[in-house]
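Okay, start_28.csv now, which holds CSV, C-alpha atoms:
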chain,number,residue,atom,x,y,z
A,1322,MET,CA,-201.5,74.0,-57.0
A,1323,ALA,CA,-202.8,70.8,-58.1
A,1324,ASP,CA,-204.3,70.5,-61.6
A,1325,ARG,CA,-208.0,70.9,-61.5
A,1326,LEU,CA,-210.6,70.0,-64.1
A,1327,TYR,CA,-213.6,72.1,-64.7
A,1328,ASP,CA,-216.7,72.1,-66.9
A,1329,LEU,CA,-217.7,75.4,-68.2
A,1330,ILE,CA,-221.1,75.9,-69.9
A,1331,PHE,CA,-222.4,79.1,-71.1
A,1332,ILE,CA,-225.5,80.1,-73.0
A,1333,CYS,CA,-225.7,82.9,-75.6
A,1334,MET,CA,-228.6,84.7,-76.9
A,1335,PRO,CA,-230.1,82.6,-79.8
A,1336,THR,CA,-229.6,85.5,-82.1
A,1337,THR,CA,-225.8,85.7,-81.6
A,1338,PRO,CA,-223.9,85.3,-84.8
A,1339,GLU,CA,-221.5,82.4,-85.2
A,1340,GLU,CA,-218.4,84.7,-85.3
A,1341,GLU,CA,-219.2,86.3,-82.0
A,1342,VAL,CA,-219.5,82.9,-80.3
A,1343,ALA,CA,-216.1,82.0,-81.8
A,1344,LYS,CA,-214.7,85.3,-80.6
A,1345,ILE,CA,-216.0,84.6,-77.0
A,1346,VAL,CA,-214.5,81.2,-77.1
A,1347,SER,CA,-211.1,82.4,-78.3
A,1348,THR,CA,-210.9,85.1,-75.7
A,1349,LEU,CA,-211.7,82.5,-73.0
A,1350,GLU,CA,-209.0,80.2,-74.4
A,1351,GLN,CA,-206.6,83.1,-74.3
A,1352,THR,CA,-207.4,84.1,-70.7
A,1353,ALA,CA,-207.1,80.4,-69.8
A,1354,SER,CA,-203.6,80.2,-71.2
A,1355,GLU,CA,-202.6,83.5,-69.6
A,1356,HIS,CA,-203.5,82.1,-66.2
A,1357,GLY,CA,-201.7,78.8,-66.7
A,1358,GLY,CA,-204.8,76.8,-67.6
A,1359,LYS,CA,-205.8,75.1,-70.8
A,1360,VAL,CA,-209.0,74.5,-72.6
A,1361,GLU,CA,-209.2,70.9,-73.4
A,1362,LYS,CA,-212.4,70.6,-75.4
A,1363,VAL,CA,-214.9,72.9,-77.0
A,1364,GLU,CA,-218.3,71.6,-77.9
A,1365,ARG,CA,-221.1,73.6,-79.5
A,1366,TRP,CA,-224.4,72.1,-78.7
A,1367,GLY,CA,-226.2,74.7,-80.9
A,1368,THR,CA,-229.5,76.2,-80.2
A,1369,ARG,CA,-231.6,74.2,-77.8
A,1370,LYS,CA,-234.7,74.8,-75.8
A,1371,MET,CA,-234.1,75.9,-72.3
A,1372,ALA,CA,-236.1,74.3,-69.4
A,1373,TYR,CA,-237.2,77.8,-68.3
A,1374,ARG,CA,-237.0,81.3,-69.5
A,1375,VAL,CA,-233.7,83.1,-69.2
A,1376,ALA,CA,-233.4,86.8,-70.1
A,1377,LYS,CA,-236.9,86.5,-71.7
A,1378,GLN,CA,-235.6,83.8,-74.1
A,1379,ARG,CA,-236.9,80.3,-74.4
A,1380,GLU,CA,-234.0,79.1,-76.5
A,1381,GLY,CA,-230.3,79.5,-76.1
A,1382,LEU,CA,-227.0,78.8,-77.8
A,1383,TYR,CA,-225.1,76.3,-75.6
A,1384,VAL,CA,-221.4,76.2,-75.6
A,1385,TYR,CA,-219.5,73.7,-73.5
A,1386,LEU,CA,-215.8,73.9,-72.5
A,1387,ALA,CA,-213.7,71.4,-70.6
A,1388,LEU,CA,-210.6,73.0,-69.1
A,1389,HIS,CA,-207.7,72.4,-66.8
A,1390,SER,CA,-206.6,75.0,-64.3
A,1391,THR,CA,-203.8,75.3,-61.9
A,1392,GLN,CA,-204.9,78.6,-60.4
A,1393,GLY,CA,-208.2,79.4,-58.8
A,1394,THR,CA,-208.0,82.9,-60.1
A,1395,LEU,CA,-208.6,81.7,-63.7
A,1396,ILE,CA,-212.2,80.7,-63.0
A,1397,LYS,CA,-212.8,84.0,-61.3
A,1398,GLU,CA,-211.5,85.8,-64.4
A,1399,LEU,CA,-213.4,83.6,-66.8
A,1400,GLU,CA,-216.6,84.1,-65.0
A,1401,ARG,CA,-216.0,87.8,-64.8
A,1402,ARG,CA,-215.5,87.9,-68.5
A,1403,LEU,CA,-218.7,86.0,-69.2
A,1404,LYS,CA,-220.6,88.2,-66.9
A,1405,VAL,CA,-219.5,91.3,-68.8
A,1406,THR,CA,-220.2,89.8,-72.2
A,1407,ASP,CA,-223.6,90.9,-73.3
A,1408,ALA,CA,-224.4,88.0,-75.6
A,1409,VAL,CA,-223.9,85.5,-72.7
A,1410,ILE,CA,-227.1,85.1,-70.7
A,1411,LYS,CA,-226.1,82.3,-68.4
A,1412,TYR,CA,-223.0,80.4,-67.4
A,1413,MET,CA,-222.0,77.7,-65.0
A,1414,THR,CA,-218.6,76.3,-63.9
A,1415,VAL,CA,-218.4,72.9,-62.2
A,1416,ARG,CA,-215.3,71.5,-60.7
A,1417,LEU,CA,-215.0,67.9,-61.6
A,1418,ASP,CA,-211.6,66.5,-60.8
A,1419,GLU,CA,-212.6,65.2,-57.4
A,1420,GLU,CA,-215.6,63.4,-58.8
A,1421,ILE,CA,-213.4,61.9,-61.5
A,1422,LYS,CA,-211.0,60.8,-58.9
A,1423,ARG,CA,-213.7,59.1,-57.0
A,1424,GLN,CA,-214.9,57.5,-60.2
A,1425,GLN,CA,-211.5,56.1,-61.0
A,1426,LYS,CA,-211.2,54.8,-57.5
A,1427,LEU,CA,-214.5,52.9,-57.9
A,1428,VAL,CA,-213.5,51.5,-61.3
A,1429,ALA,CA,-210.1,50.4,-59.8
A,1430,HIS,CA,-212.0,48.8,-56.9
A,1431,ARG,CA,-214.3,46.9,-59.2
A,1432,GLU,CA,-211.5,45.8,-61.4
A,1433,HIS,CA,-209.6,44.6,-58.4
A,1434,ARG,CA,-212.7,42.6,-57.3
A,1435,ALA,CA,-213.2,41.3,-60.8
A,1436,ARG,CA,-209.6,40.1,-60.9
A,1437,ARG,CA,-210.2,38.3,-57.7
A,1438,ARG,CA,-213.5,36.7,-58.6
A,1439,PRO,CA,-212.4,34.4,-61.5
A,1440,ARG,CA,-209.7,33.1,-59.3
A,1441,LYS,CA,-212.2,31.7,-56.8
A,1442,PRO,CA,-214.1,29.5,-59.3
A,1443,ALA,CA,-210.7,28.4,-60.6
A,1444,ALA,CA,-209.7,27.6,-57.0
A,1445,ALA,CA,-213.0,25.9,-56.2
A,1446,PRO,CA,-212.6,22.9,-58.6
A,1447,ALA,CA,-209.1,22.5,-57.3
A,1448,ALA,CA,-210.5,22.5,-53.8
A,1449,ALA,CA,-213.5,20.3,-54.7
A,1450,PRO,CA,-211.6,17.1,-55.4
A,1451,PRO,CA,-210.0,17.0,-52.0
A,1452,ALA,CA,-213.3,18.0,-50.5
A,1453,ALA,CA,-215.2,15.2,-52.4
A,1454,PRO,CA,-213.2,12.3,-50.9
A,1455,ALA,CA,-213.4,13.9,-47.5
A,1456,PRO,CA,-217.2,13.3,-47.1
A,1457,ALA,CA,-216.7,9.8,-48.3
A,1458,SER,CA,-214.0,9.2,-45.7
A,1459,THR,CA,-216.0,10.7,-42.9
A,1460,PRO,CA,-218.7,8.0,-42.9
A,1461,GLU,CA,-216.0,5.5,-42.7
A,1462,GLN,CA,-214.5,7.2,-39.8
A,1463,GLN,CA,-217.8,7.4,-38.2
A,1464,ALA,CA,-218.7,3.8,-38.9
A,1465,PRO,CA,-216.0,2.3,-36.8
A,1466,ALA,CA,-216.8,4.8,-34.1
A,1467,SER,CA,-220.4,3.6,-33.9
B,549,MET,CA,-241.0,34.0,-56.2
B,550,SER,CA,-239.1,33.1,-53.1
B,551,GLU,CA,-240.7,36.0,-51.3
B,552,GLN,CA,-244.1,34.5,-51.8
B,553,GLN,CA,-243.3,31.3,-50.1
B,554,SER,CA,-241.7,32.9,-47.1
B,555,VAL,CA,-244.7,34.9,-46.1
B,556,PRO,CA,-243.9,35.3,-42.4
B,557,ARG,CA,-242.6,38.7,-43.2
B,558,PRO,CA,-246.0,40.3,-43.6
B,559,SER,CA,-245.2,43.3,-45.6
B,560,GLY,CA,-242.4,45.4,-46.7
B,561,PRO,CA,-241.4,48.6,-44.9
B,562,SER,CA,-244.3,51.0,-45.4
B,563,GLY,CA,-246.2,51.0,-48.6
B,564,GLY,CA,-246.3,47.3,-48.5
B,565,SER,CA,-249.6,47.2,-46.6
B,566,ARG,CA,-251.1,49.4,-49.3
B,567,GLU,CA,-250.3,46.9,-51.9
B,568,GLY,CA,-250.9,43.8,-49.8
B,569,ARG,CA,-254.4,44.6,-48.4
B,570,PRO,CA,-256.7,44.6,-51.4
B,571,SER,CA,-256.9,41.0,-52.5
B,572,GLY,CA,-258.4,42.4,-55.7
B,573,PRO,CA,-257.6,42.0,-59.3
B,574,GLY,CA,-253.9,42.3,-59.4
B,575,GLY,CA,-253.1,40.1,-56.4
B,576,GLY,CA,-251.2,36.8,-56.8
B,577,PRO,CA,-250.2,35.5,-60.1
B,578,SER,CA,-252.6,32.5,-60.2
B,579,GLY,CA,-254.4,29.7,-58.3
B,580,PRO,CA,-256.7,29.7,-55.3
B,581,ARG,CA,-255.6,31.7,-52.4
B,582,ARG,CA,-255.8,30.9,-48.7
B,583,GLY,CA,-256.2,33.3,-45.9
B,584,LYS,CA,-252.7,34.4,-46.1
B,585,ARG,CA,-252.0,37.6,-47.8
B,586,GLN,CA,-250.2,36.9,-51.0
B,587,TYR,CA,-248.9,39.5,-53.3
B,588,PHE,CA,-246.2,39.8,-55.8
B,589,ARG,CA,-244.0,42.8,-56.1
B,590,LYS,CA,-241.1,42.9,-58.4
B,591,LYS,CA,-237.9,43.8,-56.6
B,592,LYS,CA,-236.8,47.2,-57.8
B,593,VAL,CA,-233.1,47.3,-58.7
B,594,CYS,CA,-231.0,50.4,-59.0
B,595,ARG,CA,-230.7,51.1,-62.6
B,596,PHE,CA,-227.3,52.8,-62.2
B,597,CYS,CA,-225.9,49.8,-60.3
B,598,VAL,CA,-227.0,47.5,-63.0
B,599,GLU,CA,-225.3,49.6,-65.6
B,600,LYS,CA,-222.4,50.2,-63.3
B,601,VAL,CA,-222.5,53.9,-63.5
B,602,ASP,CA,-219.7,55.6,-61.5
B,603,PHE,CA,-220.5,59.1,-62.4
B,604,ILE,CA,-223.9,60.6,-63.3
B,605,ASP,CA,-223.3,63.2,-65.9
B,606,TYR,CA,-225.5,66.3,-65.5
B,607,LYS,CA,-225.1,67.0,-69.2
B,608,LYS,CA,-226.9,63.9,-70.3
B,609,VAL,CA,-230.5,65.0,-69.9
B,610,GLU,CA,-232.0,61.9,-71.4
B,611,MET,CA,-230.4,59.9,-68.6
B,612,LEU,CA,-231.8,62.2,-65.9
B,613,GLN,CA,-235.2,62.6,-67.3
B,614,PRO,CA,-236.7,59.3,-66.1
B,615,PHE,CA,-235.9,60.3,-62.5
B,616,VAL,CA,-237.6,63.6,-62.7
B,617,GLN,CA,-241.3,64.3,-62.7
B,618,GLU,CA,-243.0,66.2,-65.4
B,619,ARG,CA,-243.1,69.3,-63.2
B,620,GLY,CA,-239.5,69.0,-62.3
B,621,LYS,CA,-239.5,67.2,-59.0
B,622,ILE,CA,-236.8,64.6,-58.3
B,623,LEU,CA,-238.5,61.2,-57.9
B,624,PRO,CA,-238.0,59.6,-54.6
B,625,ARG,CA,-236.0,56.4,-54.2
B,626,ARG,CA,-239.0,54.4,-53.2
B,627,MET,CA,-240.5,55.0,-56.6
B,628,THR,CA,-237.5,54.4,-58.8
B,629,GLY,CA,-235.6,51.9,-56.7
B,630,THR,CA,-232.3,53.8,-57.0
B,631,CYS,CA,-229.8,52.9,-54.3
B,632,SER,CA,-228.9,55.6,-51.8
B,633,LYS,CA,-225.5,56.2,-53.3
B,634,HIS,CA,-226.7,56.7,-56.8
B,635,GLN,CA,-229.7,58.7,-55.6
B,636,ARG,CA,-227.3,61.1,-53.9
B,637,TRP,CA,-225.3,61.6,-57.1
B,638,LEU,CA,-228.5,61.8,-59.1
B,639,GLY,CA,-229.7,64.7,-56.9
B,640,VAL,CA,-226.4,66.5,-57.5
B,641,ALA,CA,-226.6,66.0,-61.2
B,642,VAL,CA,-230.2,67.1,-61.5
B,643,LYS,CA,-229.5,70.2,-59.5
B,644,ARG,CA,-226.6,71.1,-61.8
B,645,ALA,CA,-228.7,70.5,-64.9
B,646,ARG,CA,-231.3,72.8,-63.4
B,647,ASN,CA,-228.8,75.5,-62.9
B,648,ILE,CA,-227.9,75.6,-66.6
B,649,ALA,CA,-231.5,75.3,-67.8
B,650,LEU,CA,-231.2,71.8,-69.0
B,651,LEU,CA,-233.9,70.7,-66.5
B,652,PRO,CA,-236.7,72.8,-65.1
B,653,PHE,CA,-236.9,73.9,-61.4
B,654,ALA,CA,-240.6,73.9,-61.9
B,655,THR,CA,-242.4,74.2,-65.2
B,656,GLU,CA,-244.5,77.2,-65.6
B,657,LEU,CA,-248.1,76.5,-66.5

How does the structure come out when it is put into structure tokens?
Amino acid sequence: MADRLYDLIFICMPTTPEEEVAKIVSTLEQTASEHGGKVEKVERWGTRKMAYRVAKQREGLYVYLALHSTQGTLIKELERRLKVTDAVIKYMTVRLDEEIKRQQKLVAHREHRARRRPRKPAAAPAAAPPAAPAPASTPEQQAPAS
Amino acid sequence: MSEQQSVPRPSGPSGGSREGRPSGPGGGPSGPRRGKRQYFRKKKVCRFCVEKVDFIDYKKVEMLQPFVQERGKILPRRMTGTCSKHQRWLGVAVKRARNIALLPFATEL
């Protein structure tokens, strides 16, 4: 299966000790490697205020993971694990590879257009000199006609 | 600007009449006015198009915040001037951010 890119964010209870968060992350990394995936990036956003209350908490410990996966079962397993872990109060996985593909396409398209555009002004001065005599010649052509 | 001189188009699509009718304080920029309705409205430009954003990241809350009302509503295009393409992406991003409690669904009192 094609390589897929996911964002995985989970929120822990604000009281969770640092070691436990590290433990959760390491188990997630392990399961990822077992299922032929790979955790690319781990970011700890620390404790931040949540927009609404979750599990009677107003704050949460945010952890962000970026991961590659070749099997759909990996995400299923990761989410199951997060669900089972008591310290985790919320999690979300988002598949991003298609959007990134779209983004790359747009960037490529823009670059293609940007590469074209400078050529036009460069071509315009070259085209202008032939064009400039042309209007001068046309009155002459018209004059004998009239 | 050029829109002022070419008045034949009486008003923009909806909402224009609201701004056009009262020839009150904030009307034209200066000078005596004739019978024609004159008003000046700055053309709104999609902020994402200006900055050439190809992907609206749901994780950047500061970026999404200006397009969300205090109570959590997504602001309509006609208010923010966002183009339809970016508004679509924006909606997706806001909804994702809501899901992970970065943005509110609706603020409780």

Quiz item: What's the 8 Å shell around Thr630 in chain B, counting all atoms listed in the file, without same-chain residues fewer than 6 positions away, as number ranges by chain?
Solution: B: 593-596

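From CA of Val1415 in chain A back to CA of Asp1328 in chain A, the distance works out to 5.1 Å.
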
Practice problem: Could you please tell me, as a PyMOL selection string, which residues of chain B have an atom within 6 Å of chain A when using only C-alpha atoms? | Solution: chain B and resi 602+649-652

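Between CA of Lys1422 in chain A and CA of Val640 in chain B the interatomic distance comes to 16.5 Å.
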
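Rounded to one decimal, CA of Glu1398 in chain A and CA of Leu1326 in chain A lie 15.8 Å from each other.
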
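Nearest-residue note for Lys1397 in chain A: choosing from A:Val1363, A:Ala1376, A:Ala1353, A:Ala1429, the minimum distance belongs to A:Ala1353, counting only C-alpha atoms.
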
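Of the listed residues B:Thr655, B:Arg626, B:Trp637, B:Ile648, the one whose atoms come nearest to Lys592 in chain B is B:Arg626, with distances taken using only C-alpha atoms.
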
Quiz item: So which residues fall inside 12 Å of (-240.4, 68.0, -59.3) if we count all atoms listed in the file? Mind giving them as a VMD selection string?
Solution: chain B and resid 613 to 624 639 642 to 643 646 651 to 656
